[in-house]
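For reference, input_4.cif is printed below; it contains mmCIF, C-alpha atoms, pLDDT in the B column; chains and numbers go by the auth columns.
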data_coords
loop_
_atom_site.group_PDB
_atom_site.id
_atom_site.type_symbol
_atom_site.label_atom_id
_atom_site.label_comp_id
_atom_site.label_asym_id
_atom_site.label_seq_id
_atom_site.Cartn_x
_atom_site.Cartn_y
_atom_site.Cartn_z
_atom_site.B_iso_or_equiv
_atom_site.auth_seq_id
_atom_site.auth_asym_id
ATOM 1 C CA MET A 1 0.000 0.000 0.000 51.00 450 A
ATOM 2 C CA ASN A 2 1.288 3.383 -0.883 51.00 451 A
ATOM 3 C CA ASP A 3 -1.798 5.559 -0.891 54.00 452 A
ATOM 4 C CA THR A 4 -5.521 5.040 -0.458 57.00 453 A
ATOM 5 C CA VAL A 5 -7.962 7.899 -0.862 53.00 454 A
ATOM 6 C CA THR A 6 -10.998 7.860 1.427 60.00 455 A
ATOM 7 C CA GLN A 7 -13.312 10.748 0.504 71.00 456 A
ATOM 8 C CA ASP A 8 -11.315 13.857 1.430 91.00 457 A
ATOM 9 C CA TYR A 9 -8.471 11.970 3.091 95.00 458 A
ATOM 10 C CA ASP A 10 -5.405 10.060 1.964 95.00 459 A
ATOM 11 C CA ILE A 11 -4.141 7.041 3.882 96.00 460 A
ATOM 12 C CA SER A 12 -0.552 6.130 3.193 97.00 461 A
ATOM 13 C CA THR A 13 2.258 3.876 4.376 97.00 462 A
ATOM 14 C CA ASP A 14 4.858 6.113 2.732 97.00 463 A
ATOM 15 C CA PRO A 15 7.394 6.832 5.513 95.00 464 A
ATOM 16 C CA ASP A 16 8.400 10.107 3.859 95.00 465 A
ATOM 17 C CA ARG A 17 4.917 11.512 4.454 96.00 466 A
ATOM 18 C CA LEU A 18 4.901 10.884 8.210 97.00 467 A
ATOM 19 C CA ASP A 19 5.236 13.908 10.448 97.00 468 A
ATOM 20 C CA THR A 20 7.200 12.041 13.114 97.00 469 A
ATOM 21 C CA ASP A 21 7.566 15.144 15.287 98.00 470 A
ATOM 22 C CA LEU A 22 3.803 15.579 15.354 98.00 471 A
ATOM 23 C CA VAL A 23 3.141 11.875 15.961 98.00 472 A
ATOM 24 C CA HIS A 24 5.621 11.816 18.837 98.00 473 A
ATOM 25 C CA HIS A 25 3.986 14.908 20.315 98.00 474 A
ATOM 26 C CA TRP A 26 0.513 13.379 20.035 98.00 475 A
ATOM 27 C CA LEU A 27 1.499 10.093 21.616 98.00 476 A
ATOM 28 C CA SER A 28 3.852 11.323 24.326 98.00 477 A
ATOM 29 C CA THR A 29 1.559 14.117 25.549 98.00 478 A
ATOM 30 C CA ASP A 30 -2.005 12.913 24.883 97.00 479 A
ATOM 31 C CA ALA A 31 -2.193 9.123 24.453 97.00 480 A
ATOM 32 C CA TYR A 32 -2.756 7.351 27.798 96.00 481 A
ATOM 33 C CA TRP A 33 -0.650 4.359 26.700 95.00 482 A
ATOM 34 C CA ALA A 34 2.375 6.396 25.581 97.00 483 A
ATOM 35 C CA LEU A 35 2.539 9.399 27.916 97.00 484 A
ATOM 36 C CA GLY A 36 6.122 10.488 28.339 97.00 485 A
ATOM 37 C CA ARG A 37 7.451 8.107 25.676 97.00 486 A
ATOM 38 C CA PRO A 38 11.038 9.209 24.961 98.00 487 A
ATOM 39 C CA ARG A 39 11.746 10.373 21.432 98.00 488 A
ATOM 40 C CA GLU A 40 14.462 7.769 20.873 98.00 489 A
ATOM 41 C CA LYS A 41 12.013 4.963 21.787 97.00 490 A
ATOM 42 C CA HIS A 42 9.403 6.475 19.497 97.00 491 A
ATOM 43 C CA ASP A 43 11.842 6.687 16.587 97.00 492 A
ATOM 44 C CA ALA A 44 12.985 3.085 17.124 98.00 493 A
ATOM 45 C CA ALA A 45 9.373 1.874 17.200 98.00 494 A
ATOM 46 C CA VAL A 46 8.508 3.764 14.010 98.00 495 A
ATOM 47 C CA ALA A 47 11.589 2.393 12.239 97.00 496 A
ATOM 48 C CA ALA A 48 10.652 -1.208 13.101 97.00 497 A
ATOM 49 C CA SER A 49 6.972 -0.944 12.144 98.00 498 A
ATOM 50 C CA VAL A 50 4.622 -0.502 9.219 98.00 499 A
ATOM 51 C CA ASN A 51 3.315 3.033 9.724 98.00 500 A
ATOM 52 C CA PHE A 52 0.026 4.435 8.470 98.00 501 A
ATOM 53 C CA GLY A 53 -0.730 8.125 8.202 98.00 502 A
ATOM 54 C CA LEU A 54 -4.102 9.665 7.423 97.00 503 A
ATOM 55 C CA TYR A 55 -3.840 13.058 5.733 97.00 504 A
ATOM 56 C CA ASP A 56 -6.229 15.802 4.692 96.00 505 A
ATOM 57 C CA ALA A 57 -6.262 15.560 0.878 93.00 506 A
ATOM 58 C CA ALA A 58 -6.422 19.330 0.383 93.00 507 A
ATOM 59 C CA SER A 59 -3.833 20.540 2.898 95.00 508 A
ATOM 60 C CA CYS A 60 -1.764 17.329 3.240 95.00 509 A
ATOM 61 C CA ALA A 61 -1.839 17.856 7.025 97.00 510 A
ATOM 62 C CA GLN A 62 -1.538 14.643 8.997 98.00 511 A
ATOM 63 C CA LEU A 63 -4.687 13.971 11.035 98.00 512 A
ATOM 64 C CA ALA A 64 -4.179 10.417 12.307 98.00 513 A
ATOM 65 C CA TYR A 65 -1.606 7.690 12.778 98.00 514 A
ATOM 66 C CA ALA A 66 -1.360 3.949 13.392 98.00 515 A
ATOM 67 C CA ARG A 67 1.492 1.493 13.366 98.00 516 A
ATOM 68 C CA VAL A 68 1.711 -2.265 13.042 98.00 517 A
ATOM 69 C CA VAL A 69 4.419 -4.578 14.323 98.00 518 A
ATOM 70 C CA THR A 70 4.369 -7.726 12.195 98.00 519 A
ATOM 71 C CA ASP A 71 6.248 -10.635 10.684 97.00 520 A
ATOM 72 C CA HIS A 72 4.126 -10.194 7.496 96.00 521 A
ATOM 73 C CA ALA A 73 3.266 -13.899 7.550 96.00 522 A
ATOM 74 C CA ILE A 74 1.454 -15.002 10.701 96.00 523 A
ATOM 75 C CA PHE A 75 1.004 -12.248 13.253 96.00 524 A
ATOM 76 C CA ALA A 76 0.519 -8.498 13.619 97.00 525 A
ATOM 77 C CA TRP A 77 0.076 -6.119 16.535 97.00 526 A
ATOM 78 C CA LEU A 78 -1.879 -2.931 15.826 98.00 527 A
ATOM 79 C CA CYS A 79 -0.832 -0.112 18.130 98.00 528 A
ATOM 80 C CA ASP A 80 -0.479 3.635 18.580 98.00 529 A
ATOM 81 C CA VAL A 81 -3.760 4.377 16.807 98.00 530 A
ATOM 82 C CA TYR A 82 -4.344 8.089 17.283 98.00 531 A
ATOM 83 C CA VAL A 83 -6.624 10.702 15.738 97.00 532 A
ATOM 84 C CA ALA A 84 -5.890 14.395 16.311 98.00 533 A
ATOM 85 C CA PRO A 85 -8.415 15.884 18.755 97.00 534 A
ATOM 86 C CA ALA A 86 -9.733 18.428 16.231 96.00 535 A
ATOM 87 C CA ALA A 87 -10.372 15.621 13.698 95.00 536 A
ATOM 88 C CA ARG A 88 -12.247 13.236 15.987 94.00 537 A
ATOM 89 C CA GLY A 89 -15.868 12.319 15.429 91.00 538 A
ATOM 90 C CA ARG A 90 -15.584 12.123 11.631 91.00 539 A
ATOM 91 C CA GLY A 91 -14.967 8.384 11.336 92.00 540 A
ATOM 92 C CA LEU A 92 -11.271 8.822 10.602 95.00 541 A
ATOM 93 C CA GLY A 93 -10.197 6.225 13.163 94.00 542 A
ATOM 94 C CA THR A 94 -12.539 3.695 11.591 94.00 543 A
ATOM 95 C CA ALA A 95 -11.273 4.571 8.098 95.00 544 A
ATOM 96 C CA LEU A 96 -7.657 4.276 9.195 96.00 545 A
ATOM 97 C CA VAL A 97 -8.057 0.919 10.929 96.00 546 A
ATOM 98 C CA THR A 98 -10.089 -0.393 7.990 96.00 547 A
ATOM 99 C CA ALA A 99 -7.183 0.540 5.701 96.00 548 A
ATOM 100 C CA VAL A 100 -4.785 -1.263 8.055 97.00 549 A
ATOM 101 C CA ARG A 101 -6.967 -4.379 8.000 96.00 550 A
ATOM 102 C CA ASP A 102 -7.292 -4.285 4.216 96.00 551 A
ATOM 103 C CA HIS A 103 -3.557 -3.711 3.763 97.00 552 A
ATOM 104 C CA PHE A 104 -2.712 -6.911 5.642 97.00 553 A
ATOM 105 C CA ALA A 105 -5.604 -9.091 4.399 95.00 554 A
ATOM 106 C CA PRO A 106 -3.661 -10.439 1.383 96.00 555 A
ATOM 107 C CA ALA A 107 -0.796 -11.591 3.655 95.00 556 A
ATOM 108 C CA GLY A 108 -2.998 -14.297 5.180 94.00 557 A
ATOM 109 C CA LEU A 109 -2.062 -13.422 8.751 95.00 558 A
ATOM 110 C CA ARG A 110 -3.481 -15.773 11.334 94.00 559 A
ATOM 111 C CA ARG A 111 -4.083 -13.031 13.859 94.00 560 A
ATOM 112 C CA MET A 112 -3.905 -9.295 14.386 96.00 561 A
ATOM 113 C CA LEU A 113 -4.145 -8.151 17.985 96.00 562 A
ATOM 114 C CA LEU A 114 -4.537 -4.823 19.717 95.00 563 A
ATOM 115 C CA ALA A 115 -5.187 -3.490 23.192 94.00 564 A
ATOM 116 C CA THR A 116 -7.559 -0.669 24.071 94.00 565 A
ATOM 117 C CA ASP A 117 -9.106 0.770 27.195 93.00 566 A
ATOM 118 C CA ASP A 118 -11.880 2.726 25.541 90.00 567 A
ATOM 119 C CA ALA A 119 -12.332 2.186 21.798 91.00 568 A
ATOM 120 C CA HIS A 120 -13.762 -1.326 21.584 92.00 569 A
ATOM 121 C CA GLY A 121 -16.703 -0.133 19.490 90.00 570 A
ATOM 122 C CA VAL A 122 -14.430 1.370 16.827 89.00 571 A
ATOM 123 C CA TYR A 123 -12.532 -1.884 16.408 95.00 572 A
ATOM 124 C CA GLU A 124 -15.614 -4.120 16.583 94.00 573 A
ATOM 125 C CA LYS A 125 -17.091 -2.253 13.565 93.00 574 A
ATOM 126 C CA ILE A 126 -14.078 -3.399 11.566 94.00 575 A
ATOM 127 C CA GLY A 127 -14.240 -7.032 12.675 95.00 576 A
ATOM 128 C CA PHE A 128 -12.063 -7.188 15.782 95.00 577 A
ATOM 129 C CA GLN A 129 -13.519 -9.342 18.549 94.00 578 A
ATOM 130 C CA ARG A 130 -12.776 -9.683 22.220 92.00 579 A
ATOM 131 C CA ILE A 131 -10.546 -12.673 22.938 90.00 580 A
ATOM 132 C CA ASP A 132 -12.686 -15.747 23.638 88.00 581 A
ATOM 133 C CA ASP A 133 -10.164 -17.419 25.913 90.00 582 A
ATOM 134 C CA PRO A 134 -8.206 -14.645 27.610 88.00 583 A
ATOM 135 C CA GLU A 135 -6.901 -17.154 30.143 91.00 584 A
ATOM 136 C CA LYS A 136 -4.695 -18.596 27.361 92.00 585 A
ATOM 137 C CA TRP A 137 -2.889 -15.293 26.815 89.00 586 A
ATOM 138 C CA MET A 138 0.067 -14.157 28.843 90.00 587 A
ATOM 139 C CA ALA A 139 2.229 -11.061 28.927 88.00 588 A
ATOM 140 C CA LEU A 140 5.751 -10.401 30.111 91.00 589 A
ATOM 141 C CA SER A 141 6.406 -6.906 31.383 89.00 590 A
ATOM 142 C CA LEU A 142 10.069 -6.008 30.960 90.00 591 A
ATOM 143 C CA LEU A 143 9.965 -2.628 32.678 80.00 592 A
#

Here is a file; write its structure as structure tokens.
Amino acid sequence: MNDTVTQDYDISTDPDRLDTDLVHHWLSTDAYWALGRPREKHDAAVAASVNFGLYDAASCAQLAYARVVTDHAIFAWLCDVYVAPAARGRGLGTALVTAVRDHFAPAGLRRMLLATDDAHGVYEKIGFQRIDDPEKWMALSLL
């Protein structure tokens, strides 16, 4: 995927279009899961991920961001989904995550996971489901 146009917005995986300063600002100052994230950690995460930007087609301003950590064969982790406060309520998060889903559909991944405290409805519209057997899943916290 290079570019997808959704009405008045472009969705792109082109790394040259990302406003990494803006994305870092959004995440480190406003996203509950990334508050205080150091810039060097942010840059390393971006470099090791497939990054999606959603841009206003007229002004080219970035309005949303998502990244995916994946092996491109079996598994993907969708994370850092963020829509600028002034752009919320227009369905941009749904459009962005739909583009992410559609981008990876041809790869035949077995599973794409995500974690959210408050946006279950957004992801359920796109086909994500709550884990049936959460007792099977484990996490290792390294910090």

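Across the structure, CA of Ala588 (chain A) and CA of Asp551 (chain A) are spaced 27.3 Å apart.
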
**Prompt:** Using all atoms listed in the file, which of A:Asp459, A:Ala525, A:Asp566, A:Leu541 sits nearest Cys509 (chain A)?
**Reply:** A:Asp459

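Straight-line separation from CA of Leu545 (chain A) to CA of Asp582 (chain A): 27.5 Å.
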
**Message:** Could you list, as a count of residues only, every residue matched by the PyMOL selection byres ((chain A and resi 503) around 9) in this structure?
**Reply:** 18

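Taking CA of His474 (chain A) as the reference point, CA of Tyr572 (chain A) is found at 23.9 Å.
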
**Item:** All residues 12 Å or closer to Thr478 (chain A), only C-alpha atoms, same chain fewer than 5 positions away omitted, as a VMD selection string
**Value:** chain A and resid 470 to 473 483 to 488 531 533

**Request:** Could you state which residues are captured by the PyMOL selection byres ((chain A and resi 562) around 8) in this file, as a PyMOL selection string?
**Result:** chain A and resi 525-527+560-561+563-564

Next, the residues of the selection above should be written as a PDB file, in the coordinates of the input with C-alpha atoms.
ATOM      1  CA  ALA A 525       0.519  -8.498  13.619  1.00 97.00           C
ATOM      2  CA  TRP A 526       0.076  -6.119  16.535  1.00 97.00           C
ATOM      3  CA  LEU A 527      -1.879  -2.931  15.826  1.00 98.00           C
ATOM      4  CA  ARG A 560      -4.083 -13.031  13.859  1.00 94.00           C
ATOM      5  CA  MET A 561      -3.905  -9.295  14.386  1.00 96.00           C
ATOM      6  CA  LEU A 563      -4.537  -4.823  19.717  1.00 95.00           C
ATOM      7  CA  ALA A 564      -5.187  -3.490  23.192  1.00 94.00           C
TER       8      ALA A 564
END

Grab all the atoms of region 528-531 of chain A that the file lists, wrap them in a box along x, y and z, add 6 Å per side, and give me centre plus edge lengths in Å (one decimal) as AutoDock Vina command-line options.
--center_x -2.4 --center_y 4.0 --center_z 17.7 --size_x 15.9 --size_y 20.2 --size_z 13.8

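Residue nearest Leu467 (chain A) within the list A:Asp520, A:Glu584, A:Asp567, A:Asp492: A:Asp492 [criterion: smallest interatomic distance, all atoms listed in the file].
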